[in-house]
Structure formats: structure tokens, C-alpha cells
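Asks: Structure file work.tsv, TSV, C-alpha atoms, is pasted below:
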chain	number	residue	atom	x	y	z
A	16	MET	CA	-5.27	-13.12	2.25
A	17	THR	CA	-1.65	-12.08	1.80
A	18	ASP	CA	0.43	-11.11	4.82
A	19	ALA	CA	0.19	-7.35	5.49
A	20	GLU	CA	3.99	-6.95	5.28
A	21	ILE	CA	4.07	-8.42	1.79
A	22	ASN	CA	1.17	-6.23	0.66
A	23	ALA	CA	2.93	-3.18	2.09
A	24	ALA	CA	6.17	-4.07	0.29
A	25	ILE	CA	4.32	-4.43	-3.02
A	26	ASP	CA	2.54	-1.13	-2.42
A	27	ARG	CA	5.87	0.59	-1.71
A	28	LYS	CA	7.30	-0.83	-4.93
A	29	ILE	CA	4.38	0.58	-6.91
A	30	GLU	CA	4.78	3.94	-5.21
A	31	ARG	CA	8.55	4.02	-5.85
A	32	ASN	CA	7.97	3.19	-9.50
A	33	VAL	CA	5.38	5.96	-9.94
A	34	LEU	CA	7.63	8.45	-8.10
A	35	PHE	CA	10.52	7.52	-10.39
A	36	TYR	CA	8.48	7.93	-13.57
A	37	ALA	CA	7.13	11.29	-12.40
A	38	ASP	CA	10.69	12.53	-13.03
A	39	HIS	CA	11.20	10.39	-16.16
A	40	LEU	CA	8.06	10.92	-18.22
A	41	ASP	CA	9.82	9.95	-21.44
A	42	GLU	CA	10.36	6.42	-20.04
A	43	ILE	CA	6.66	5.79	-19.27
A	44	PRO	CA	5.85	4.13	-22.63
A	45	GLN	CA	8.57	1.51	-22.05
A	46	ARG	CA	7.32	0.85	-18.50
A	47	LEU	CA	3.76	0.46	-19.80
A	48	ARG	CA	5.03	-2.17	-22.24
A	49	GLU	CA	6.76	-3.95	-19.35
A	50	LEU	CA	3.51	-3.90	-17.35
A	51	ASP	CA	1.64	-5.34	-20.34
A	52	ALA	CA	4.08	-8.27	-20.34
A	53	GLU	CA	4.08	-8.79	-16.55
A	54	TRP	CA	2.46	-12.00	-15.39
A	55	ASP	CA	-0.10	-11.46	-12.66
A	56	LEU	CA	-0.48	-13.78	-9.68
A	57	GLU	CA	-3.33	-15.80	-11.18
A	58	ARG	CA	-1.48	-16.47	-14.43
A	59	ALA	CA	1.68	-17.48	-12.56
A	60	LEU	CA	-0.32	-19.78	-10.26
A	61	GLN	CA	-2.00	-21.44	-13.23
A	62	ALA	CA	1.29	-21.89	-15.10
A	63	ASN	CA	2.93	-23.32	-11.99
A	64	ALA	CA	0.06	-25.76	-11.43
A	65	ALA	CA	0.00	-26.82	-15.07
A	66	THR	CA	3.76	-27.40	-15.10
A	67	ILE	CA	3.69	-29.55	-11.97
A	68	THR	CA	0.65	-31.46	-13.23
A	69	VAL	CA	2.31	-32.25	-16.57
A	70	LEU	CA	5.57	-33.17	-14.84
A	71	GLY	CA	3.74	-35.40	-12.36
A	72	SER	CA	1.80	-37.08	-15.15
A	73	LEU	CA	4.96	-37.73	-17.16
A	74	LEU	CA	6.72	-39.11	-14.10
A	75	THR	CA	3.71	-41.34	-13.41
A	76	LEU	CA	3.92	-42.74	-16.94
A	77	THR	CA	7.69	-43.23	-16.91
A	78	ARG	CA	8.58	-43.88	-13.25
A	79	GLY	CA	5.49	-45.34	-11.64
A	80	ALA	CA	2.20	-44.61	-9.95
A	81	ARG	CA	3.73	-43.04	-6.83
A	82	TYR	CA	4.19	-39.81	-8.82
A	83	MET	CA	0.41	-39.52	-9.27
A	84	LEU	CA	0.50	-37.70	-5.94
A	85	LEU	CA	1.96	-34.56	-7.60
A	86	PRO	CA	-1.01	-33.81	-9.92
A	87	ALA	CA	-3.43	-34.81	-7.16
A	88	VAL	CA	-1.92	-32.33	-4.69
A	89	VAL	CA	-1.80	-29.56	-7.30
A	90	GLY	CA	-5.42	-30.24	-8.22
A	91	GLY	CA	-6.35	-29.95	-4.54
A	92	PHE	CA	-4.49	-26.65	-4.29
A	93	LEU	CA	-6.34	-25.30	-7.32
A	94	LEU	CA	-9.67	-26.41	-5.89
A	95	GLN	CA	-8.80	-24.76	-2.58
A	96	HIS	CA	-7.86	-21.57	-4.40
A	97	ALA	CA	-11.11	-21.60	-6.40
A	98	THR	CA	-13.27	-22.10	-3.30
A	99	GLN	CA	-11.35	-20.14	-0.64
A	100	GLY	CA	-9.25	-17.67	-2.64
A	101	TRP	CA	-6.07	-19.02	-1.09
A	102	CYS	CA	-3.72	-21.98	-1.46
A	103	PRO	CA	-0.26	-22.82	-0.06
A	104	PRO	CA	1.80	-21.57	-3.05
A	105	LEU	CA	0.28	-18.06	-2.92
A	106	PRO	CA	2.38	-16.64	-0.04
A	107	ILE	CA	5.53	-17.93	-1.74
A	108	MET	CA	4.53	-16.38	-5.06
A	109	ARG	CA	3.71	-13.06	-3.37
A	110	ARG	CA	7.12	-13.08	-1.67
A	111	LEU	CA	8.66	-13.67	-5.09
A	112	GLY	CA	7.00	-10.44	-6.23
A	113	PHE	CA	4.00	-11.63	-8.21
A	114	ARG	CA	1.29	-8.98	-8.09
A	115	THR	CA	-2.44	-9.17	-8.57
A	116	SER	CA	-3.89	-7.87	-11.80
A	117	ARG	CA	-5.41	-5.03	-9.75
A	118	GLU	CA	-2.00	-3.98	-8.42
A	119	ILE	CA	-0.56	-3.98	-11.93
A	120	GLU	CA	-3.52	-1.92	-13.15
A	121	VAL	CA	-3.04	0.66	-10.39
A	122	GLU	CA	0.55	1.23	-11.50
A	123	ARG	CA	-0.47	1.28	-15.18
A	124	ASN	CA	-3.24	3.82	-14.55
A	125	ALA	CA	-1.02	6.00	-12.36
A	126	LEU	CA	1.59	6.12	-15.13
A	127	LYS	CA	-1.08	6.97	-17.69
A	128	ALA	CA	-2.29	9.74	-15.38
A	129	LEU	CA	1.26	11.10	-15.13
A	130	ARG	CA	1.53	10.98	-18.90
A	131	GLY	CA	-1.58	13.16	-19.13
A	132	ASP	CA	-4.18	10.59	-20.18
A	133	TYR	CA	-6.50	11.74	-17.36
A	134	GLY	CA	-7.43	15.32	-16.55
A	135	ASP	CA	-7.28	15.22	-12.74
A	136	VAL	CA	-3.50	15.09	-12.41
A	137	PRO	CA	-1.49	18.32	-12.50
A	138	LYS	CA	1.03	18.53	-15.31
A	139	ASP	CA	3.30	21.00	-13.54
A	140	GLY	CA	4.83	21.16	-10.08
A	141	GLU	CA	6.87	18.88	-7.90
A	142	ALA	CA	7.26	15.35	-9.27
A	143	SER	CA	6.39	13.68	-5.96
A	144	ALA	CA	3.13	15.67	-5.70
A	145	ARG	CA	2.21	14.71	-9.27
A	146	ALA	CA	3.08	11.07	-8.55
A	147	ARG	CA	0.86	11.02	-5.45
A	148	ALA	CA	-2.00	12.64	-7.39
A	149	ALA	CA	-1.57	10.03	-10.13
A	150	LEU	CA	-1.61	7.20	-7.58
A	151	LYS	CA	-4.72	8.64	-5.96
A	152	ALA	CA	-6.46	8.91	-9.34
A	153	ALA	CA	-5.44	5.33	-10.22
A	154	GLN	CA	-6.82	4.00	-6.94
A	155	MET	CA	-10.27	5.48	-7.49
A	156	ASP	CA	-13.03	3.47	-9.10
A	157	SER	CA	-15.47	4.89	-11.64
A	158	VAL	CA	-17.68	6.49	-8.96
A	159	GLY	CA	-14.82	8.05	-7.03
A	160	HIS	CA	-14.49	5.47	-4.24
A	161	SER	CA	-11.13	4.07	-3.36
A	162	PRO	CA	-11.14	0.29	-3.77
A	163	GLY	CA	-8.24	0.07	-1.34
A	164	ALA	CA	-5.88	-1.71	-3.72
A	165	ILE	CA	-2.98	0.28	-2.34
A	166	ARG	CA	-2.88	1.03	1.32
A	167	SER	CA	-1.53	4.39	2.45
A	168	THR	CA	2.25	4.22	2.31
A	169	VAL	CA	2.98	7.75	1.16
A	170	SER	CA	6.48	8.79	2.12
A	171	PRO	CA	9.17	10.96	0.58
A	172	PRO	CA	10.87	9.38	-2.42
A	173	THR	CA	14.08	7.65	-1.44
A	174	VAL	CA	14.70	5.26	-4.32
A	175	PRO	CA	15.97	6.89	-7.52
A	176	HIS	CA	15.24	3.96	-9.86
A	177	PRO	CA	12.34	1.54	-10.23
A	178	VAL	CA	12.73	-1.96	-8.89
Give the structure from this file in C-alpha cells form.
Replies:
Amino acid sequence: MTDAEINAAIDRKIERNVLFYADHLDEIPQRLRELDAEWDLERALQANAATITVLGSLLTLTRGARYMLLPAVVGGFLLQHATQGWCPPLPIMRRLGFRTSREIEVERNALKALRGDYGDVPKDGEASARARAALKAAQMDSVGHSPGAIRSTVSPPTVPHPV
């Protein structure tokens, strides 16, 4: 339920990263470690909610009952997220750059494909063509259907370094 512009920006970031690493294969292991440490949207949302709940509870104990509203609102947001898949903090978190676990996995799998972990990606040729083949392979599910995690944003590489 994220705004299409935000999704497109995240997709472009993934594509730029994969295009960069197509020319810097020796740096892929470090990037994979960074992706392993990256917090996905769900984890960030949970940490944010827990922090505000604890803070609200402490303020309720030390400053008075009016602060009970903080944990109550956060609890409502979490319930809304669980039932509808959306809550008010999500657009803000997406704008801050938090990605879904699926988006992180697409980049991880594309980098692994570039590294040679999968057989369908050419090992020789133009870096941008290899990067696009790796992205395509990463976007496919186990039966060869694209789950649509990354919308088509293919364009010539213009950013020399990952974001």
C-alpha cells in the first residue's frame, strides 16, 4: 500500500546497487553482509512501536496517566497493521528508506547471481546486461513467475556508486 513513487524510488535504488556491483564483483561479499544487517520494514515498525510503548509506559508511571495515550495509540496502529497491512507510520518509514524483506532479498539474490551462485546469469559481457539478467533472475519465483517485487525501471546506469 506504499505510494507508487516511493516504490519506484526503492526499485531504482536496488537497480543502481546491482548495476554498481556488476562492475565491482570483489565488493559483493561486503554488500551481502550489509544486507544481512539491514533492518526490514517490519522489524523497524516493531522496534518503533516497542520504543514508543515503553516510553509511554514509563511516562505514565512517572508523569501521570495522560501519557497512557501513547501506548494505546501505538497498540491501535499495530492492530491496524495486523488486520489491514497498513498503519500511519508506514509511509514515513518507507520515505526514510526502509525496505520490505522481499525487496532486500531481491537485491541479495541479484548480487548472488552476479557472483555466479546461479547458472542463468552470464559471467561475461557488458556489466549492465549482466546486472539486468541478475535482477531478472532474482525477481523470479521457484516456478519462473515474476512476483512483481520490482517494477520495470530498467534504464542506463547513471549512478557510479551505491546509495
Asks: Excluding stretch 95-111 of chain A and residues on its chain fewer than 3 positions from it, collect all residues at most 8 Å away from it, counting all atoms listed in the file, and give them as a list in words.
Replies: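 Returned residues: Met16, Thr17, Asp18, Ile21, Leu56, Leu60, Gly91, Phe92 and Arg114 of chain A.
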Asks: Kindly export the residues of the current selection with C-alpha atoms, as an mmCIF file, keeping the file's coordinate frame.
Replies:
data_model
loop_
_atom_site.group_PDB
_atom_site.id
_atom_site.type_symbol
_atom_site.label_atom_id
_atom_site.label_comp_id
_atom_site.auth_asym_id
_atom_site.auth_seq_id
_atom_site.Cartn_x
_atom_site.Cartn_y
_atom_site.Cartn_z
ATOM 1 C CA MET A 16 -5.270 -13.120 2.250
ATOM 2 C CA THR A 17 -1.650 -12.080 1.800
ATOM 3 C CA ASP A 18 0.430 -11.110 4.820
ATOM 4 C CA ILE A 21 4.070 -8.420 1.790
ATOM 5 C CA LEU A 56 -0.480 -13.780 -9.680
ATOM 6 C CA LEU A 60 -0.320 -19.780 -10.260
ATOM 7 C CA GLY A 91 -6.350 -29.950 -4.540
ATOM 8 C CA PHE A 92 -4.490 -26.650 -4.290
ATOM 9 C CA ARG A 114 1.290 -8.980 -8.090
#
Asks: Considering only C-alpha atoms, return as a list in words whatever protein or nucleic-acid residues lie within 10 Å of A:Glu141, sequence-local ones (same chain, fewer than 4 positions apart) excluded.
Replies: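 Close residues of A:Glu141: Ala37, Asp38, Pro137, Arg145 and Ala146 of chain A.
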Asks: What is the atom CA of A:Asp135-atom CA of A:Ala52 distance in Å, reported with one decimal?
Replies: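 Taking atom CA of A:Asp135 as the start and atom CA of A:Ala52 as the end point, the length is 27.2 Å.
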Asks: Report, in Å to a single decimal, how far apart atom CA of A:Arg27 and atom CA of A:His39 are.
Replies: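 One can read the atom CA of A:His39 to atom CA of A:Arg27 distance as 18.3 Å.
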Asks: Quick one: pull the distance between atom CA of A:Arg31 and atom CA of A:Tyr133, Å, one decimal.
Replies: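 For atom CA of A:Arg31 relative to atom CA of A:Tyr133, the distance reads 20.5 Å.
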Asks: Using all atoms listed in the file, which protein or nucleic acid residues come within 6 Å of A:Asp55? Drop anything in the same chain fewer than 3 positions from it, and give the result as a list in words.
Replies: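 Near A:Asp55, the qualifying residues are Arg58, Arg114, Thr115 and Ser116 of chain A.
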Asks: Which residues come within 12 Å of A:Leu84, counting all atoms listed in the file, excluding same-chain residues fewer than 6 positions away, as a PyMOL selection string?
Replies: chain A and resi 67-68+70-72+74-75+90-91
Asks: Taking 3 positions as the minimum chain separation for residues in the same chain, which residues sit within 12 Å of A:Gly131 when counting all atoms listed in the file? Answer as a PyMOL selection string.
Replies: chain A and resi 37+40+43+124-128+134-139+145-146+148-149+152
